[in-house]
>>> print(open('run.csv').read())   # CSV, C-alpha atoms and all ligand atoms
chain,number,residue,atom,x,y,z
A,81,MET,CA,39.4,32.3,-0.4
A,82,GLY,CA,37.6,35.6,0.4
A,83,VAL,CA,37.7,37.6,3.7
A,84,LYS,CA,34.4,36.5,5.2
A,85,ILE,CA,34.9,32.8,5.4
A,86,ASN,CA,32.9,30.9,7.9
A,87,TYR,CA,35.7,28.5,8.7
A,88,ALA,CA,33.6,26.3,10.9
A,89,LYS,CA,31.4,25.5,7.8
A,90,LEU,CA,34.3,24.7,5.5
A,91,LYS,CA,34.3,21.4,3.7
A,92,LEU,CA,37.7,19.7,4.0
A,93,GLY,CA,38.6,16.7,1.8
A,94,ILE,CA,41.3,14.3,2.9
A,95,ILE,CA,42.9,11.9,0.4
A,96,GLY,CA,43.8,8.8,2.5
A,97,GLY,CA,41.7,7.2,5.2
A,98,GLY,CA,44.4,5.8,7.6
A,99,GLN,CA,45.4,6.8,11.1
A,100,LEU,CA,46.8,10.2,10.0
A,101,GLY,CA,43.6,11.1,8.2
A,102,LYS,CA,41.6,9.8,11.2
A,103,ILE,CA,43.1,12.0,13.9
A,104,MET,CA,43.3,15.0,11.4
A,105,SER,CA,39.5,14.5,10.8
A,106,GLN,CA,38.8,14.4,14.6
A,107,LYS,CA,40.6,17.7,15.0
A,108,ALA,CA,38.9,19.3,12.0
A,109,LYS,CA,35.5,18.1,13.3
A,110,LYS,CA,36.4,19.6,16.7
A,111,MET,CA,36.6,22.9,15.0
A,112,GLY,CA,33.3,22.3,13.2
A,113,LEU,CA,34.5,21.5,9.7
A,114,HIS,CA,32.7,19.0,7.4
A,115,VAL,CA,35.1,16.2,6.5
A,116,SER,CA,35.1,13.9,3.5
A,117,ILE,CA,37.6,11.1,3.0
A,118,LEU,CA,38.8,9.3,-0.1
A,119,ASP,CA,40.1,5.8,0.5
A,120,PRO,CA,39.8,2.4,-1.4
A,121,THR,CA,38.8,0.5,1.8
A,122,PRO,CA,35.2,1.0,2.9
A,123,ASN,CA,34.8,2.1,6.5
A,124,SER,CA,38.5,3.2,6.6
A,125,PRO,CA,39.8,4.4,10.0
A,126,ALA,CA,39.3,8.1,9.0
A,127,ALA,CA,35.9,7.4,7.6
A,128,GLN,CA,34.8,6.1,11.0
A,129,VAL,CA,35.0,9.6,12.4
A,130,SER,CA,34.2,11.7,9.3
A,131,ASP,CA,31.0,12.9,7.6
A,132,ARG,CA,31.5,11.0,4.4
A,133,GLN,CA,33.8,8.6,2.5
A,134,ILE,CA,34.2,8.2,-1.2
A,135,VAL,CA,35.4,4.7,-1.9
A,136,GLY,CA,38.1,5.0,-4.5
A,137,GLY,CA,41.8,4.5,-5.1
A,138,PHE,CA,44.5,7.1,-4.9
A,139,TYR,CA,45.1,7.0,-8.6
A,140,ASP,CA,41.4,7.0,-9.6
A,141,CYS,CA,41.1,10.5,-11.1
A,142,GLU,CA,37.3,10.3,-11.4
A,143,LYS,CA,37.0,9.7,-7.6
A,144,ILE,CA,39.7,12.3,-6.8
A,145,THR,CA,37.8,14.8,-8.9
A,146,GLU,CA,34.5,14.0,-7.1
A,147,LEU,CA,36.2,14.6,-3.7
A,148,VAL,CA,38.0,17.8,-4.7
A,149,LYS,CA,34.9,19.3,-6.4
A,150,SER,CA,32.7,18.7,-3.4
A,151,CYS,CA,35.2,20.3,-0.9
A,152,ASP,CA,36.5,23.8,-0.3
A,153,VAL,CA,40.0,22.6,0.5
A,154,THR,CA,41.6,19.2,-0.1
A,155,THR,CA,44.6,17.9,1.6
A,156,VAL,CA,46.4,14.6,1.8
A,157,GLU,CA,47.6,12.0,4.4
A,158,LEU,CA,49.9,10.2,1.9
A,159,GLU,CA,52.0,11.3,-1.1
A,160,HIS,CA,51.7,8.3,-3.4
A,161,ILE,CA,48.6,9.7,-5.3
A,162,ASP,CA,47.7,10.9,-8.8
A,163,VAL,CA,49.3,14.4,-8.7
A,164,GLU,CA,48.7,15.0,-12.4
A,165,CYS,CA,44.9,14.7,-11.7
A,166,LEU,CA,45.3,17.1,-8.7
A,167,LYS,CA,47.3,19.5,-10.9
A,168,LYS,CA,44.5,19.7,-13.4
A,169,LEU,CA,41.9,20.4,-10.7
A,170,GLU,CA,44.2,23.1,-9.2
A,171,ASN,CA,44.4,24.7,-12.6
A,172,GLU,CA,40.6,24.7,-12.7
A,173,GLY,CA,40.6,26.8,-9.5
A,174,HIS,CA,40.3,24.2,-6.8
A,175,THR,CA,42.3,24.6,-3.5
A,176,ILE,CA,44.7,21.8,-2.8
A,177,VAL,CA,47.2,22.1,0.0
A,178,PRO,CA,50.0,21.1,-0.2
A,179,SER,CA,50.0,22.1,-3.8
A,180,PRO,CA,50.3,19.3,-6.5
A,181,ASP,CA,53.7,20.9,-7.5
A,182,VAL,CA,55.0,20.4,-4.1
A,183,LEU,CA,53.6,16.8,-3.9
A,184,MET,CA,55.3,16.1,-7.3
A,185,ARG,CA,58.6,17.3,-6.0
A,186,ILE,CA,58.4,15.2,-2.9
A,187,GLN,CA,57.0,12.0,-4.6
A,188,ASP,CA,60.2,11.5,-6.5
A,189,LYS,CA,62.9,11.1,-3.8
A,190,TYR,CA,65.7,11.7,-6.2
A,191,GLU,CA,64.1,15.0,-7.5
A,192,GLN,CA,63.5,15.9,-3.8
A,193,LYS,CA,67.2,15.4,-2.9
A,194,LYS,CA,68.3,17.3,-6.0
A,195,LEU,CA,66.2,20.3,-5.1
A,196,LEU,CA,67.3,20.4,-1.5
A,197,HIS,CA,71.0,20.1,-2.7
A,198,GLU,CA,70.5,22.9,-5.2
A,199,TYR,CA,69.2,25.1,-2.3
A,200,GLY,CA,72.4,24.4,-0.3
A,201,ILE,CA,70.7,22.1,2.2
A,202,PRO,CA,73.1,19.3,3.4
A,203,VAL,CA,71.9,15.9,2.2
A,204,PRO,CA,73.8,12.6,2.0
A,205,ALA,CA,75.9,12.4,-1.2
A,206,PHE,CA,73.7,10.8,-3.9
A,207,LYS,CA,73.8,9.7,-7.5
A,208,GLU,CA,71.2,8.7,-10.0
A,209,VAL,CA,71.5,5.1,-11.2
A,210,LYS,CA,71.4,5.0,-15.0
A,211,THR,CA,73.7,2.1,-15.8
A,212,GLU,CA,74.9,-1.0,-13.9
A,213,GLU,CA,78.3,0.6,-13.4
A,214,ASP,CA,76.7,3.5,-11.5
A,215,LEU,CA,75.8,1.1,-8.8
A,216,GLU,CA,79.5,0.8,-7.9
A,217,PHE,CA,80.1,4.6,-7.8
A,218,PHE,CA,80.4,5.0,-4.0
A,219,GLY,CA,81.9,1.5,-3.4
A,220,PHE,CA,80.3,-0.6,-0.7
A,221,PRO,CA,78.4,-0.7,1.6
A,222,VAL,CA,76.0,1.7,-0.1
A,223,ILE,CA,72.2,2.5,0.0
A,224,GLN,CA,70.0,2.1,-3.0
A,225,LYS,CA,66.6,3.7,-3.0
A,226,THR,CA,63.7,3.6,-5.5
A,227,LYS,CA,62.8,7.1,-6.8
A,228,LYS,CA,59.1,6.6,-6.2
A,229,GLY,CA,56.7,4.6,-4.1
A,230,GLY,CA,58.9,3.7,-1.1
A,231,TYR,CA,57.7,4.0,2.5
A,232,ASP,CA,58.5,2.6,5.9
A,233,GLY,CA,61.8,1.2,4.6
A,234,ARG,CA,60.3,-0.4,1.5
A,235,GLY,CA,62.2,0.7,-1.6
A,236,VAL,CA,65.4,1.1,0.5
A,237,LEU,CA,68.2,-1.5,0.1
A,238,GLN,CA,71.6,-1.8,1.5
A,239,LEU,CA,74.2,-3.2,-0.9
A,240,LYS,CA,76.9,-4.6,1.4
A,241,SER,CA,79.3,-5.8,-1.3
A,242,SER,CA,79.4,-6.4,-5.1
A,243,ALA,CA,77.8,-9.8,-4.4
A,244,ASP,CA,74.6,-8.0,-3.5
A,245,LEU,CA,74.5,-6.3,-7.0
A,246,GLN,CA,72.4,-9.3,-8.3
A,247,ASN,CA,69.6,-8.3,-5.9
A,248,ALA,CA,69.8,-4.6,-6.7
A,249,ILE,CA,66.6,-2.6,-7.3
A,250,THR,CA,65.7,-2.6,-11.0
A,251,ALA,CA,63.0,0.1,-10.8
A,252,PRO,CA,64.2,3.7,-11.4
A,253,SER,CA,66.5,4.4,-8.5
A,254,PHE,CA,69.4,6.4,-7.0
A,255,LEU,CA,72.3,5.7,-4.7
A,256,GLU,CA,73.2,7.3,-1.4
A,257,GLU,CA,76.5,7.2,0.5
A,258,MET,CA,76.2,5.1,3.6
A,259,VAL,CA,75.9,7.6,6.4
A,260,HIS,CA,77.3,6.8,9.8
A,261,ILE,CA,74.2,7.7,11.8
A,262,ASP,CA,74.4,8.7,15.4
A,263,LYS,CA,70.7,9.6,15.7
A,264,GLU,CA,67.7,9.8,13.4
A,265,LEU,CA,65.8,13.1,14.1
A,266,ALA,CA,62.6,14.6,12.9
A,267,ILE,CA,60.8,17.9,13.1
A,268,MET,CA,57.3,18.9,12.1
A,269,VAL,CA,57.1,22.3,10.3
A,270,ALA,CA,53.8,24.1,9.5
A,271,ARG,CA,53.5,26.9,7.0
A,272,ASN,CA,50.3,28.6,5.9
A,273,HIS,CA,49.5,30.8,2.8
A,274,LYS,CA,50.3,34.0,4.7
A,275,GLY,CA,53.8,32.6,5.1
A,276,GLU,CA,53.6,32.1,8.9
A,277,VAL,CA,55.9,29.3,10.0
A,278,ALA,CA,55.8,27.1,13.1
A,279,THR,CA,58.2,24.4,14.1
A,280,TYR,CA,57.8,21.7,16.7
A,281,PRO,CA,60.5,20.4,19.0
A,282,VAL,CA,63.1,18.1,17.4
A,283,VAL,CA,62.4,14.5,18.2
A,284,GLU,CA,64.5,11.3,18.1
A,285,MET,CA,63.3,8.3,16.1
A,286,LEU,CA,64.2,4.8,17.1
A,287,PHE,CA,63.8,2.0,14.5
A,288,ASP,CA,62.7,-1.6,14.6
A,289,GLU,CA,65.9,-3.2,13.1
A,290,ARG,CA,63.9,-6.1,11.6
A,291,VAL,CA,61.8,-4.0,9.2
A,292,ASN,CA,63.2,-0.5,9.3
A,293,ILE,CA,59.9,0.9,10.6
A,294,CYS,CA,60.1,3.8,13.1
A,295,ASP,CA,59.3,2.1,16.3
A,296,SER,CA,59.5,4.8,19.0
A,297,VAL,CA,59.8,8.5,19.1
A,298,MET,CA,61.3,10.5,22.0
A,299,ALA,CA,60.3,14.1,22.5
A,300,PRO,CA,62.5,16.1,22.8
A,301,ALA,CA,65.6,14.6,21.2
A,302,ARG,CA,68.5,14.0,23.5
A,303,ILE,CA,70.8,16.5,21.7
A,304,ASP,CA,72.5,19.8,22.6
A,305,GLU,CA,70.6,23.0,22.4
A,306,SER,CA,72.7,24.3,19.6
A,307,LEU,CA,71.7,21.2,17.5
A,308,HIS,CA,68.1,21.8,18.3
A,309,VAL,CA,68.5,25.3,16.9
A,310,LYS,CA,70.4,24.2,13.8
A,311,ALA,CA,67.9,21.4,13.0
A,312,LYS,CA,65.0,23.8,13.2
A,313,GLU,CA,66.8,26.2,10.9
A,314,LEU,CA,67.5,23.4,8.4
A,315,ALA,CA,63.9,22.2,8.5
A,316,ILE,CA,62.5,25.7,7.8
A,317,SER,CA,65.0,26.2,4.9
A,318,SER,CA,63.9,22.8,3.5
A,319,ILE,CA,60.2,23.8,3.4
A,320,GLU,CA,61.1,27.2,2.0
A,321,ALA,CA,63.2,25.5,-0.7
A,322,LEU,CA,60.1,23.5,-1.6
A,323,ASP,CA,57.8,26.5,-1.3
A,324,GLY,CA,55.6,24.2,0.7
A,325,GLU,CA,52.3,25.1,2.4
A,326,GLY,CA,50.7,22.8,4.9
A,327,LEU,CA,52.4,20.6,7.4
A,328,PHE,CA,55.7,18.7,6.8
A,329,GLY,CA,57.7,16.1,8.6
A,330,VAL,CA,61.4,16.7,8.0
A,331,GLU,CA,63.6,13.6,8.7
A,332,MET,CA,67.3,14.1,9.4
A,333,PHE,CA,70.4,12.2,10.2
A,334,LEU,CA,72.8,13.3,12.9
A,335,THR,CA,76.1,11.8,11.8
A,336,LYS,CA,78.7,10.4,14.1
A,337,ASP,CA,80.8,13.4,13.5
A,338,GLY,CA,78.1,15.8,14.5
A,339,LYS,CA,76.7,16.9,11.1
A,340,LEU,CA,73.0,17.3,10.3
A,341,LEU,CA,71.8,15.9,6.9
A,342,VAL,CA,68.3,16.1,5.6
A,343,ASN,CA,67.0,12.6,4.7
A,344,GLU,CA,63.5,13.2,3.4
A,345,ILE,CA,60.4,15.2,3.7
A,346,ALA,CA,56.8,14.1,4.2
A,347,PRO,CA,54.1,16.6,3.0
A,348,ARG,CA,51.6,15.7,5.8
A,349,PRO,CA,51.2,14.7,9.4
A,350,HIS,CA,53.9,12.3,10.3
A,351,ASN,CA,54.4,9.3,12.6
A,352,SER,CA,57.1,11.2,14.4
A,353,GLY,CA,54.5,13.9,15.3
A,354,HIS,CA,51.9,11.7,17.1
A,355,TYR,CA,53.3,12.8,20.4
A,356,THR,CA,52.1,16.3,19.8
A,357,VAL,CA,48.5,15.4,20.6
A,358,GLU,CA,49.2,14.9,24.3
A,359,SER,CA,52.6,16.7,24.6
A,360,CYS,CA,52.1,20.1,22.8
A,361,VAL,CA,49.7,23.0,23.0
A,362,THR,CA,48.5,22.4,19.4
A,363,SER,CA,48.7,18.9,18.0
A,364,GLN,CA,50.1,18.3,14.5
A,365,PHE,CA,46.6,17.3,13.4
A,366,GLU,CA,45.0,20.5,14.4
A,367,GLN,CA,48.0,22.4,13.0
A,368,VAL,CA,47.6,20.8,9.6
A,369,VAL,CA,44.0,21.9,9.5
A,370,ARG,CA,44.9,25.4,10.5
A,371,ALA,CA,47.7,25.5,7.9
A,372,VAL,CA,45.6,24.2,5.0
A,373,VAL,CA,42.7,26.5,5.5
A,374,ASN,CA,45.0,29.4,6.1
A,375,LEU,CA,44.1,30.1,9.8
A,376,PRO,CA,46.8,31.4,12.2
A,377,LEU,CA,49.1,28.6,13.4
A,378,GLY,CA,48.8,27.3,16.9
A,379,SER,CA,51.5,27.3,19.6
A,380,THR,CA,53.9,24.3,19.2
A,381,LYS,CA,55.1,24.6,22.8
A,382,LEU,CA,56.1,21.3,24.5
A,383,LEU,CA,54.0,20.9,27.6
A,384,CYS,CA,55.5,17.7,28.8
A,385,PRO,CA,58.2,15.3,27.5
A,386,SER,CA,56.9,12.0,26.1
A,387,VAL,CA,57.7,8.8,24.3
A,388,MET,CA,55.5,7.4,21.5
A,389,VAL,CA,55.6,3.7,20.6
A,390,ASN,CA,54.0,2.3,17.4
A,391,LEU,CA,51.9,-0.8,18.0
A,392,LEU,CA,52.7,-3.1,15.1
A,393,GLY,CA,50.8,-6.2,14.2
A,394,GLU,CA,52.5,-9.3,15.8
A,395,GLU,CA,54.3,-11.7,13.5
A,396,GLY,CA,52.3,-14.9,12.8
A,397,PHE,CA,48.8,-13.4,12.9
A,398,LYS,CA,46.3,-12.0,10.4
A,399,GLY,CA,42.5,-11.2,10.4
A,400,GLU,CA,40.6,-9.2,12.9
A,401,PRO,CA,42.9,-7.5,15.4
A,402,VAL,CA,42.9,-8.9,18.9
A,403,VAL,CA,44.4,-6.7,21.6
A,404,GLU,CA,46.2,-8.2,24.5
A,405,GLY,CA,47.4,-6.5,27.7
A,406,MET,CA,45.3,-3.3,27.5
A,407,GLU,CA,44.2,-3.4,31.1
A,408,GLU,CA,47.7,-3.8,32.5
A,409,ALA,CA,49.2,-1.2,30.2
A,410,LEU,CA,46.6,1.4,30.8
A,411,ALA,CA,47.3,1.3,34.5
A,412,ILE,CA,50.7,2.9,33.7
A,413,GLU,CA,50.4,6.6,34.7
A,414,GLY,CA,50.6,9.1,31.8
A,415,LEU,CA,49.8,6.5,29.1
A,416,SER,CA,47.5,7.3,26.2
A,417,PHE,CA,46.3,4.4,24.0
A,418,TYR,CA,45.3,4.5,20.3
A,419,LEU,CA,43.8,1.7,18.2
A,420,TYR,CA,43.2,2.9,14.7
A,421,GLY,CA,40.2,0.8,13.8
A,422,LYS,CA,41.8,-1.1,10.9
A,423,GLU,CA,39.7,-4.1,10.1
A,424,LYS,CA,42.6,-6.5,9.5
A,425,THR,CA,46.0,-6.9,11.1
A,426,ALA,CA,49.2,-8.1,9.4
A,427,PRO,CA,52.8,-8.6,10.7
A,428,PHE,CA,54.3,-5.2,11.3
A,429,ARG,CA,51.2,-3.3,10.2
A,430,LYS,CA,50.8,0.0,12.1
A,431,MET,CA,47.7,-0.8,14.1
A,432,GLY,CA,47.9,1.8,16.9
A,433,HIS,CA,50.2,3.6,19.2
A,434,ILE,CA,50.8,4.7,22.7
A,435,THR,CA,52.2,7.9,24.0
A,436,VAL,CA,53.6,8.1,27.6
A,437,LEU,CA,54.1,11.5,29.2
A,438,ASP,CA,56.5,12.1,32.1
A,439,GLU,CA,58.3,15.2,33.2
A,440,ASN,CA,61.4,12.9,33.2
A,441,LEU,CA,62.1,11.7,29.6
A,442,GLN,CA,64.0,8.7,30.8
A,443,ILE,CA,61.1,7.6,33.0
A,444,ALA,CA,58.7,8.1,30.1
A,445,LEU,CA,61.0,5.8,28.0
A,446,GLU,CA,61.1,3.1,30.7
A,447,LYS,CA,57.3,3.2,31.0
A,448,ALA,CA,56.8,3.1,27.3
A,449,MET,CA,59.1,0.1,26.9
A,450,ARG,CA,57.2,-1.7,29.7
A,451,ALA,CA,53.9,-1.0,27.9
A,452,LYS,CA,55.4,-2.2,24.6
A,453,LYS,CA,56.2,-5.5,26.1
A,454,ILE,CA,52.7,-5.8,27.6
A,455,ILE,CA,50.5,-4.8,24.7
A,456,LYS,CA,50.3,-7.3,21.8
A,457,ILE,CA,48.2,-6.8,18.6
A,458,LYS,CA,47.5,-10.4,17.6
A,459,GLY,CA,44.8,-11.5,15.1
A,460,SER,CA,41.8,-13.8,14.7
A,461,GLU,CA,43.8,-16.1,12.4
A,462,LEU,CA,47.2,-17.7,12.5
A,463,LEU,CA,49.5,-17.2,9.5
A,501,LIG,P1,61.5,5.5,4.0
A,501,LIG,O1,60.8,6.5,3.1
A,501,LIG,O2,61.1,4.1,3.6
A,501,LIG,O3,61.3,5.8,5.4
A,501,LIG,P2,64.2,6.4,4.2
A,501,LIG,O4,64.9,7.1,3.2
A,501,LIG,O5,63.8,7.2,5.4
A,501,LIG,O6,63.0,5.6,3.6
A,501,LIG,O7,65.1,5.2,4.7
A,501,LIG,C1,64.7,4.3,5.7
A,501,LIG,C2,65.8,4.0,6.7
A,501,LIG,O8,67.0,3.5,6.1
A,501,LIG,C3,66.3,5.3,7.4
A,501,LIG,O9,65.4,5.7,8.5
A,501,LIG,C4,67.7,4.9,7.8
A,501,LIG,O10,67.6,4.1,9.0
A,501,LIG,C5,68.1,4.1,6.7
A,501,LIG,N1,68.9,4.9,5.7
A,501,LIG,C6,68.3,5.6,4.7
A,501,LIG,N2,69.2,6.3,4.0
A,501,LIG,C7,70.4,6.0,4.6
A,501,LIG,C8,71.8,6.4,4.3
A,501,LIG,N3,72.1,7.2,3.3
A,501,LIG,N4,72.8,5.9,5.1
A,501,LIG,C9,72.5,5.1,6.1
A,501,LIG,N5,71.2,4.7,6.4
A,501,LIG,C10,70.2,5.1,5.7
>>> encode(input="run.csv", output="structure tokens")
Amino acid sequence: MGVKINYAKLKLGIIGGGQLGKIMSQKAKKMGLHVSILDPTPNSPAAQVSDRQIVGGFYDCEKITELVKSCDVTTVELEHIDVECLKKLENEGHTIVPSPDVLMRIQDKYEQKKLLHEYGIPVPAFKEVKTEEDLEFFGFPVIQKTKKGGYDGRGVLQLKSSADLQNAITAPSFLEEMVHIDKELAIMVARNHKGEVATYPVVEMLFDERVNICDSVMAPARIDESLHVKAKELAISSIEALDGEGLFGVEMFLTKDGKLLVNEIAPRPHNSGHYTVESCVTSQFEQVVRAVVNLPLGSTKLLCPSVMVNLLGEEGFKGEPVVEGMEEALAIEGLSFYLYGKEKTAPFRKMGHITVLDENLQIALEKAMRAKKIIKIKGSELL
């Protein structure tokens, strides 16, 4: 990109039209950019607030090419996409941030772990599964993960004993030692082409045990100041090891004996960063736009503690979403409500979220848990 860029006229392409693309697009449009979305579902959540949608799949090279060629900069809201196609377009001179090489490194969780380990970043002990005997390498219990394609707990399996071996993942996979987790932490890191880096506060992720989906996020994490500092250093080193540009969510485990281990990296806005919209000076969604078009990064200062809760589709329902309890929940002071505009609900599908701000994090948590009990995303049809 040259010197006299009219940033407000830039054409931004986003691969993926879900909630992350939607809020990213809203922030890009706030700054005047023109936004195009690629998503297979017509009228996707992001398309509802953007200038244009190309209807096409994430492995449809023809449609990806159409998007990239019609935009000045292309970014992503998911990593399971045709990176070979993006690599070809980058070689032809198109700007794609994060780069296809970085996306490739992240797409394969085993390669990602290997790279972090080579750079001296602490990760759980891991081993590639090549033969059936490899599955018994760490003993039991142990965690087996698919190399590619997993998300929201899919592609992650706990093998409790040798009896579980018959259910082991057959796709290319690797093993990880079972970590004794005290807390699951996450940090958003932005890095632009100039090499400027900005980190957000360390947050704490709480999981829905039933499906392994991150359920709530507490900002900031309830950990010692020294751990905040260490976690940030580790997050920055991880992005430098990848040579990543853009915005990244770095997930970590705090072990019961006080160690930090990097679990995985997402090359895009992240569920654990939703809170930044209301809680921080610059939201993760504005930050990613700044980072990918190489503008100065915004302040990541926390203005007020908060708790974010995902609104997942209720079990037993499908069809058009039907929201219950909005009136009662929105009466809670400091609560912000999001419904993504997905046309169909499904059990545990991420349909929206709430963020509750309060100077006192414990009170924010209590209010958020109260709201979670009140708001239900049901559907027009019973399953
Ligand atoms: P996904 O990409 O699906 O989120 P993760 O690697 O984050 O996959 O794993 C999902 C969840 O499984 C984690 O949030 C954590 O609760 C649990 N988990 C993953 N790896 C380990 C491990 N090595 N030891 C213990 N629990 C783990």
>>> closest_atom_pairs(input="run.csv", of="chain A", to="ligand LIG 501 (chain A)", cutoff="6 Å", atoms="all atoms listed in the file", output="Markdown table")
| residue | atom | partner | partner_atom | distance |
| --- | --- | --- | --- | --- |
| A:Pro204 | CA | A:LIG501 | N3 | 5.8 |
| A:Ile223 | CA | A:LIG501 | N3 | 5.7 |
| A:Gly230 | CA | A:LIG501 | O2 | 5.2 |
| A:Tyr231 | CA | A:LIG501 | O2 | 3.6 |
| A:Asp232 | CA | A:LIG501 | O2 | 3.8 |
| A:Gly233 | CA | A:LIG501 | O2 | 3.1 |
| A:Arg234 | CA | A:LIG501 | O2 | 5.0 |
| A:Val236 | CA | A:LIG501 | O7 | 5.9 |
| A:Glu256 | CA | A:LIG501 | N3 | 4.8 |
| A:Glu257 | CA | A:LIG501 | N3 | 5.2 |
| A:Met258 | CA | A:LIG501 | N4 | 3.8 |
| A:Val259 | CA | A:LIG501 | N4 | 3.8 |
| A:Asn292 | CA | A:LIG501 | C2 | 5.8 |
>>> atom_distance(input="run.csv", atom1="CA of Ala88 (chain A)", atom2="CA of Ser150 (chain A)")
16.2 Å
>>> residues_near_point(input="run.csv", point="(68.4, 27.7, 1.1)", cutoff="7 Å", atoms="all atoms listed in the file", output="PyMOL selection string")
chain A and resi 199-201+317+321
>>> closest_atom_pairs(input="run.csv", of="region 264-324 of chain A", to="region 169-180 of chain A", cutoff="10 Å", atoms="only C-alpha atoms", output="Markdown table")
| residue | atom | partner | partner_atom | distance |
| --- | --- | --- | --- | --- |
| A:Arg271 | CA | A:Pro178 | CA | 9.9 |
| A:Asn272 | CA | A:Val177 | CA | 9.3 |
| A:His273 | CA | A:Val177 | CA | 9.4 |
| A:Asp323 | CA | A:Ser179 | CA | 9.3 |
| A:Gly324 | CA | A:Pro178 | CA | 6.5 |
>>> closest_residue(input="run.csv", among="A:Val269, A:Ala451, A:Leu327, A:Leu392", to="Gly432 (chain A)", atoms="only C-alpha atoms")
A:Leu392
>>> atom_distance(input="run.csv", atom1="CA of Glu344 (chain A)", atom2="CA of Phe328 (chain A)")
10.1 Å
>>> residues_around(input="run.csv", residues="region 104-119 of chain A", least_positions_apart="3", cutoff="9 Å", atoms="only C-alpha atoms", output="number ranges by chain")
A: 87-101, 122-124, 126-127, 129-138, 143-144, 147, 150-151, 157, 349, 363-370
>>> atom_distance(input="run.csv", atom1="CA of Ile455 (chain A)", atom2="CA of Val297 (chain A)")
17.2 Å
>>> closest_residue(input="run.csv", among="A:Lys102, A:Arg429, A:Lys424, A:Lys189", to="Ala346 (chain A)", atoms="all atoms listed in the file")
A:Lys189
>>> residues_around(input="run.csv", residues="Leu265 (chain A)", least_positions_apart="4", cutoff="6 Å", atoms="all atoms listed in the file", output="list in words")
Val283, Glu284, Met285, Glu331 and Met332 of chain A
>>> write_last_selection(input="run.csv", atoms="C-alpha atoms", output="PDB file, keeping the file's coordinate frame")
ATOM      1  CA  VAL A 283      62.400  14.500  18.200  1.00  0.00           C
ATOM      2  CA  GLU A 284      64.500  11.300  18.100  1.00  0.00           C
ATOM      3  CA  MET A 285      63.300   8.300  16.100  1.00  0.00           C
ATOM      4  CA  GLU A 331      63.600  13.600   8.700  1.00  0.00           C
ATOM      5  CA  MET A 332      67.300  14.100   9.400  1.00  0.00           C
TER       6      MET A 332
END
>>> closest_residue(input="run.csv", among="A:His260, A:Arg185, A:Lys194, A:His433", to="Lys228 (chain A)", atoms="only C-alpha atoms")
A:Arg185
>>> closest_residue(input="run.csv", among="A:Gly396, A:Gly275, A:Gly421, A:Gly235", to="Pro376 (chain A)", atoms="all atoms listed in the file")
A:Gly275
